[in-house]
Amino acid sequence: MGVCVVSMIALAGSLLAVPVLVFTATYFLWPAALIKTYNWCSRWRRGLQVRCVFWGDYRFCYSQRGVPGPCPSLLLLHGFSANKDMWLPIMQYLPERQHVVSVDMPGHEGSSRTGPEDWSIQGQVDRIHQFVQAVGLDKQRFHLAGSSMGGNVAGVYAAQHPDQLAALTLICPAGLEVPRDSGFVRLLKEMKERGEVRPEDVPLIPHTTQQMEDMLKLCCHRNIVLPKQILKGLLASRLPNNDFYSQVLQEILSEQSVRSLHDSLHLITTPLQVIWGTDDQVIDVSGAGVLQEAHPGCQVELLERCGHAVMLDRPRKAAQLLTDFLSTQDVQTKKRS
């Protein structure tokens with residue numbers, strides 16, 4: 001009996017050791033795979049399902065929770081070089097009844113990577129319009145929210161398709177002519193004046209773990225301290241895409257894209273909410289004043305202790321603001337009808 005008990009304990013110990021060994025090996029040898037697993041678990045815990053839909057030969061990859069109901073659906077557009085998982089920190093604070101869709105922007109992550117015609121702001125607007133039709137979001141008015149590059153796209157989309165939207169939220173959007181340039185924007189302008197925007201010099205396109213760490217410091221107000229292996233995993237997932245990111249950057253900095261939102265402000269008629277971190281080092285918070293001047297009735301929320309990555313710095317507050325704004329617009333719509 002004693003030998004049997006000892007054997008069982010040894011077997012149990014060996015079984016427990018397997019996942020520990022797998023985790024340890026993954027952490028040190030394949031940190032990028034560990035990050036993918038973490039994101040998968042985060043989506044699962046939040047009830048999100050990853051799906052793909054096609055518009056002709058073009059593939060859109062997106063995550064979704066819930067189904068369309070009486071309240072407007074929420075479509076989220078991420079920023080430059082990010083993906084649909086950028087919104088995961090906010091998702092956990094949104095009401096469970098809220099139908100939420102987060103799509104990979106053209107060329108990013110699981111969506112088709114075609115050519116520069118799809119990477120300009122107008123090209124992205126056209127593709128997102130196709131996505132909206134492909135998943136049936138155009139069957140009733142929906143709430144559109146975008147951050148940074150996604151905010152630029154969302155604003156231009158609202159200007160061109162006002163009949164589809166119930167509300168519009170712009171989070172630190174690009175595409176504006178702001179009174180004060182951030183250090184990051186000044187750097188980009190200097191590079192453009194020299195006639196050369198080199199990827200290795202752009203803080204948002206890291207090539208080393210140190211540059212990866214610097215990018216997080218640029219985008220976030222709070223100090224995010226990550227183990228070196230996690231930084232390696234984040235970098236490993238980005239490096240194969242750096243050439244693509246460089247091409248996208250060239251497109252969104254082109255003359256026809258860099259002021260896309262600014263030039264479309266007079267066409268936006270959708271109820272507008274603006275959320276901006278007061279410590280944004282990527283796009284200066286003075287852009288919020290530009291939006292408020294163009295739309296005096298818009299709701300402006302300036303978040304203290306918050307940088308450009310609002311969803312990382314203040315996810316709970318951002319989710320609350322999105323939810324409250326959508327609820328207010330829903331009530332007003334019902335009153336009008």
# chains A, B, ... in the order shown; residues from 1 in each chain; ligands from 1

$ residues_around --residues "range 310-313 of chain A" --least-positions-apart "4" --cutoff "12 Å" --atoms "only C-alpha atoms" --output "PyMOL selection string"
chain A and resi 76+78-79+85-93+146-148+170-173+216-217+219-224+274-282+301-306+317-322

$ closest_residue --among "A:Gln329, A:Gln250, A:Asn83, A:Gln98" --to "Gly69 in chain A" --atoms "only C-alpha atoms"
A:Gln98

$ closest_residue --among "A:Val53, A:Val197, A:Val101, A:Val67" --to "Glu251 in chain A" --atoms "only C-alpha atoms"
A:Val197

$ select_by_dssp --residues "range 117-260 of chain A" --states "alpha helix (DSSP H)" --output "PyMOL selection string"
chain A and resi 121-135+149-160+183-193+209-219+228-238+242-252+260

$ atom_distance --atom1 "CA of Trp119 in chain A" --atom2 "CA of Trp55 in chain A"
16.7 Å

$ closest_residue --among "A:Ala166, A:Tyr58, A:Leu249, A:Gly155" --to "Pro203 in chain A" --atoms "only C-alpha atoms"
A:Leu249

$ select_by_dssp --residues "range 152-188 of chain A" --states "strand (DSSP E)" --output "number ranges by chain"
A: 165-171

$ residues_around --residues "range 205-208 of chain A" --least-positions-apart "3" --cutoff "8 Å" --atoms "only C-alpha atoms" --output "PDB file with all heavy atoms, in the first residue's frame"
ATOM      1  N   PRO A 199      11.946  54.101 -40.633  1.00  0.00           N
ATOM      2  CA  PRO A 199      11.237  53.338 -39.607  1.00  0.00           C
ATOM      3  C   PRO A 199      12.009  53.227 -38.301  1.00  0.00           C
ATOM      4  O   PRO A 199      11.419  53.301 -37.217  1.00  0.00           O
ATOM      5  CB  PRO A 199      11.046  51.959 -40.263  1.00  0.00           C
ATOM      6  CG  PRO A 199      11.114  52.213 -41.726  1.00  0.00           C
ATOM      7  CD  PRO A 199      12.064  53.353 -41.896  1.00  0.00           C
ATOM      8  N   GLU A 200      13.337  53.063 -38.400  1.00  0.00           N
ATOM      9  CA  GLU A 200      14.133  52.880 -37.184  1.00  0.00           C
ATOM     10  C   GLU A 200      14.192  54.135 -36.324  1.00  0.00           C
ATOM     11  O   GLU A 200      14.594  54.082 -35.158  1.00  0.00           O
ATOM     12  CB  GLU A 200      15.557  52.431 -37.528  1.00  0.00           C
ATOM     13  CG  GLU A 200      16.331  53.384 -38.420  1.00  0.00           C
ATOM     14  CD  GLU A 200      16.158  53.079 -39.896  1.00  0.00           C
ATOM     15  OE1 GLU A 200      15.143  52.480 -40.276  1.00  0.00           O
ATOM     16  OE2 GLU A 200      17.058  53.466 -40.672  1.00  0.00           O
ATOM     17  N   ASP A 201      13.771  55.283 -36.888  1.00  0.00           N
ATOM     18  CA  ASP A 201      13.775  56.535 -36.137  1.00  0.00           C
ATOM     19  C   ASP A 201      12.395  56.902 -35.584  1.00  0.00           C
ATOM     20  O   ASP A 201      12.265  57.892 -34.869  1.00  0.00           O
ATOM     21  CB  ASP A 201      14.272  57.684 -37.023  1.00  0.00           C
ATOM     22  CG  ASP A 201      15.727  57.511 -37.427  1.00  0.00           C
ATOM     23  OD1 ASP A 201      16.462  56.854 -36.663  1.00  0.00           O
ATOM     24  OD2 ASP A 201      16.113  58.025 -38.496  1.00  0.00           O
ATOM     25  N   VAL A 202      11.375  56.108 -35.930  1.00  0.00           N
ATOM     26  CA  VAL A 202      10.009  56.404 -35.496  1.00  0.00           C
ATOM     27  C   VAL A 202       9.728  55.678 -34.187  1.00  0.00           C
ATOM     28  O   VAL A 202       9.771  54.442 -34.145  1.00  0.00           O
ATOM     29  CB  VAL A 202       8.986  55.980 -36.565  1.00  0.00           C
ATOM     30  CG1 VAL A 202       7.562  56.261 -36.078  1.00  0.00           C
ATOM     31  CG2 VAL A 202       9.256  56.713 -37.873  1.00  0.00           C
ATOM     32  N   GLN A 211      13.642  50.127 -27.409  1.00  0.00           N
ATOM     33  CA  GLN A 211      12.697  50.969 -28.144  1.00  0.00           C
ATOM     34  C   GLN A 211      11.255  50.568 -27.831  1.00  0.00           C
ATOM     35  O   GLN A 211      10.369  51.427 -27.807  1.00  0.00           O
ATOM     36  CB  GLN A 211      12.975  50.866 -29.641  1.00  0.00           C
ATOM     37  CG  GLN A 211      14.271  51.515 -30.071  1.00  0.00           C
ATOM     38  CD  GLN A 211      14.569  51.310 -31.544  1.00  0.00           C
ATOM     39  OE1 GLN A 211      14.011  50.422 -32.199  1.00  0.00           O
ATOM     40  NE2 GLN A 211      15.464  52.138 -32.093  1.00  0.00           N
ATOM     41  N   MET A 212      11.021  49.276 -27.592  1.00  0.00           N
ATOM     42  CA  MET A 212       9.692  48.818 -27.204  1.00  0.00           C
ATOM     43  C   MET A 212       9.289  49.440 -25.869  1.00  0.00           C
ATOM     44  O   MET A 212       8.164  49.913 -25.694  1.00  0.00           O
ATOM     45  CB  MET A 212       9.697  47.287 -27.095  1.00  0.00           C
ATOM     46  CG  MET A 212       8.335  46.665 -26.859  1.00  0.00           C
ATOM     47  SD  MET A 212       7.313  46.673 -28.340  1.00  0.00           S
ATOM     48  CE  MET A 212       5.763  47.233 -27.660  1.00  0.00           C
ATOM     49  N   MET A 215       8.534  53.083 -26.380  1.00  0.00           N
ATOM     50  CA  MET A 215       7.227  53.300 -26.997  1.00  0.00           C
ATOM     51  C   MET A 215       6.114  53.263 -25.953  1.00  0.00           C
ATOM     52  O   MET A 215       5.193  54.084 -25.973  1.00  0.00           O
ATOM     53  CB  MET A 215       6.946  52.253 -28.070  1.00  0.00           C
ATOM     54  CG  MET A 215       5.668  52.515 -28.857  1.00  0.00           C
ATOM     55  SD  MET A 215       5.182  51.178 -29.968  1.00  0.00           S
ATOM     56  CE  MET A 215       4.453  50.034 -28.793  1.00  0.00           C
ATOM     57  N   LEU A 235       7.855  42.617 -28.834  1.00  0.00           N
ATOM     58  CA  LEU A 235       8.667  43.021 -29.986  1.00  0.00           C
ATOM     59  C   LEU A 235       8.625  41.956 -31.085  1.00  0.00           C
ATOM     60  O   LEU A 235       8.481  42.296 -32.268  1.00  0.00           O
ATOM     61  CB  LEU A 235      10.108  43.259 -29.539  1.00  0.00           C
ATOM     62  CG  LEU A 235      11.080  43.724 -30.626  1.00  0.00           C
ATOM     63  CD1 LEU A 235      10.689  45.106 -31.133  1.00  0.00           C
ATOM     64  CD2 LEU A 235      12.511  43.732 -30.085  1.00  0.00           C
ATOM     65  N   LEU A 239       7.915  42.833 -35.029  1.00  0.00           N
ATOM     66  CA  LEU A 239       9.017  42.953 -35.987  1.00  0.00           C
ATOM     67  C   LEU A 239       8.670  42.510 -37.410  1.00  0.00           C
ATOM     68  O   LEU A 239       9.029  43.200 -38.366  1.00  0.00           O
ATOM     69  CB  LEU A 239      10.234  42.160 -35.478  1.00  0.00           C
ATOM     70  CG  LEU A 239      11.061  42.832 -34.383  1.00  0.00           C
ATOM     71  CD1 LEU A 239      12.173  41.898 -33.915  1.00  0.00           C
ATOM     72  CD2 LEU A 239      11.646  44.160 -34.859  1.00  0.00           C
ATOM     73  N   ASN A 242       6.979  45.404 -39.324  1.00  0.00           N
ATOM     74  CA  ASN A 242       7.525  46.758 -39.310  1.00  0.00           C
ATOM     75  C   ASN A 242       7.554  47.420 -40.687  1.00  0.00           C
ATOM     76  O   ASN A 242       7.331  48.631 -40.814  1.00  0.00           O
ATOM     77  CB  ASN A 242       8.919  46.768 -38.688  1.00  0.00           C
ATOM     78  CG  ASN A 242       8.869  46.868 -37.169  1.00  0.00           C
ATOM     79  OD1 ASN A 242       7.792  47.026 -36.585  1.00  0.00           O
ATOM     80  ND2 ASN A 242      10.014  46.766 -36.528  1.00  0.00           N
ATOM     81  N   TYR A 245       4.068  48.594 -41.219  1.00  0.00           N
ATOM     82  CA  TYR A 245       3.784  49.774 -40.398  1.00  0.00           C
ATOM     83  C   TYR A 245       4.413  51.026 -41.006  1.00  0.00           C
ATOM     84  O   TYR A 245       3.813  52.111 -40.990  1.00  0.00           O
ATOM     85  CB  TYR A 245       4.307  49.578 -38.973  1.00  0.00           C
ATOM     86  CG  TYR A 245       3.653  48.466 -38.203  1.00  0.00           C
ATOM     87  CD1 TYR A 245       4.345  47.769 -37.211  1.00  0.00           C
ATOM     88  CD2 TYR A 245       2.329  48.091 -38.449  1.00  0.00           C
ATOM     89  CE1 TYR A 245       3.748  46.751 -36.496  1.00  0.00           C
ATOM     90  CE2 TYR A 245       1.724  47.068 -37.745  1.00  0.00           C
ATOM     91  CZ  TYR A 245       2.447  46.397 -36.767  1.00  0.00           C
ATOM     92  OH  TYR A 245       1.857  45.381 -36.055  1.00  0.00           O
ATOM     93  N   SER A 246       5.613  50.861 -41.551  1.00  0.00           N
ATOM     94  CA  SER A 246       6.296  51.998 -42.181  1.00  0.00           C
ATOM     95  C   SER A 246       5.501  52.511 -43.382  1.00  0.00           C
ATOM     96  O   SER A 246       5.341  53.727 -43.567  1.00  0.00           O
ATOM     97  CB  SER A 246       7.698  51.584 -42.614  1.00  0.00           C
ATOM     98  OG  SER A 246       8.353  52.654 -43.265  1.00  0.00           O
TER      99      SER A 246
END

$ atom_distance --atom1 "CA of Thr323 in chain A" --atom2 "CA of Ser63 in chain A"
18.8 Å
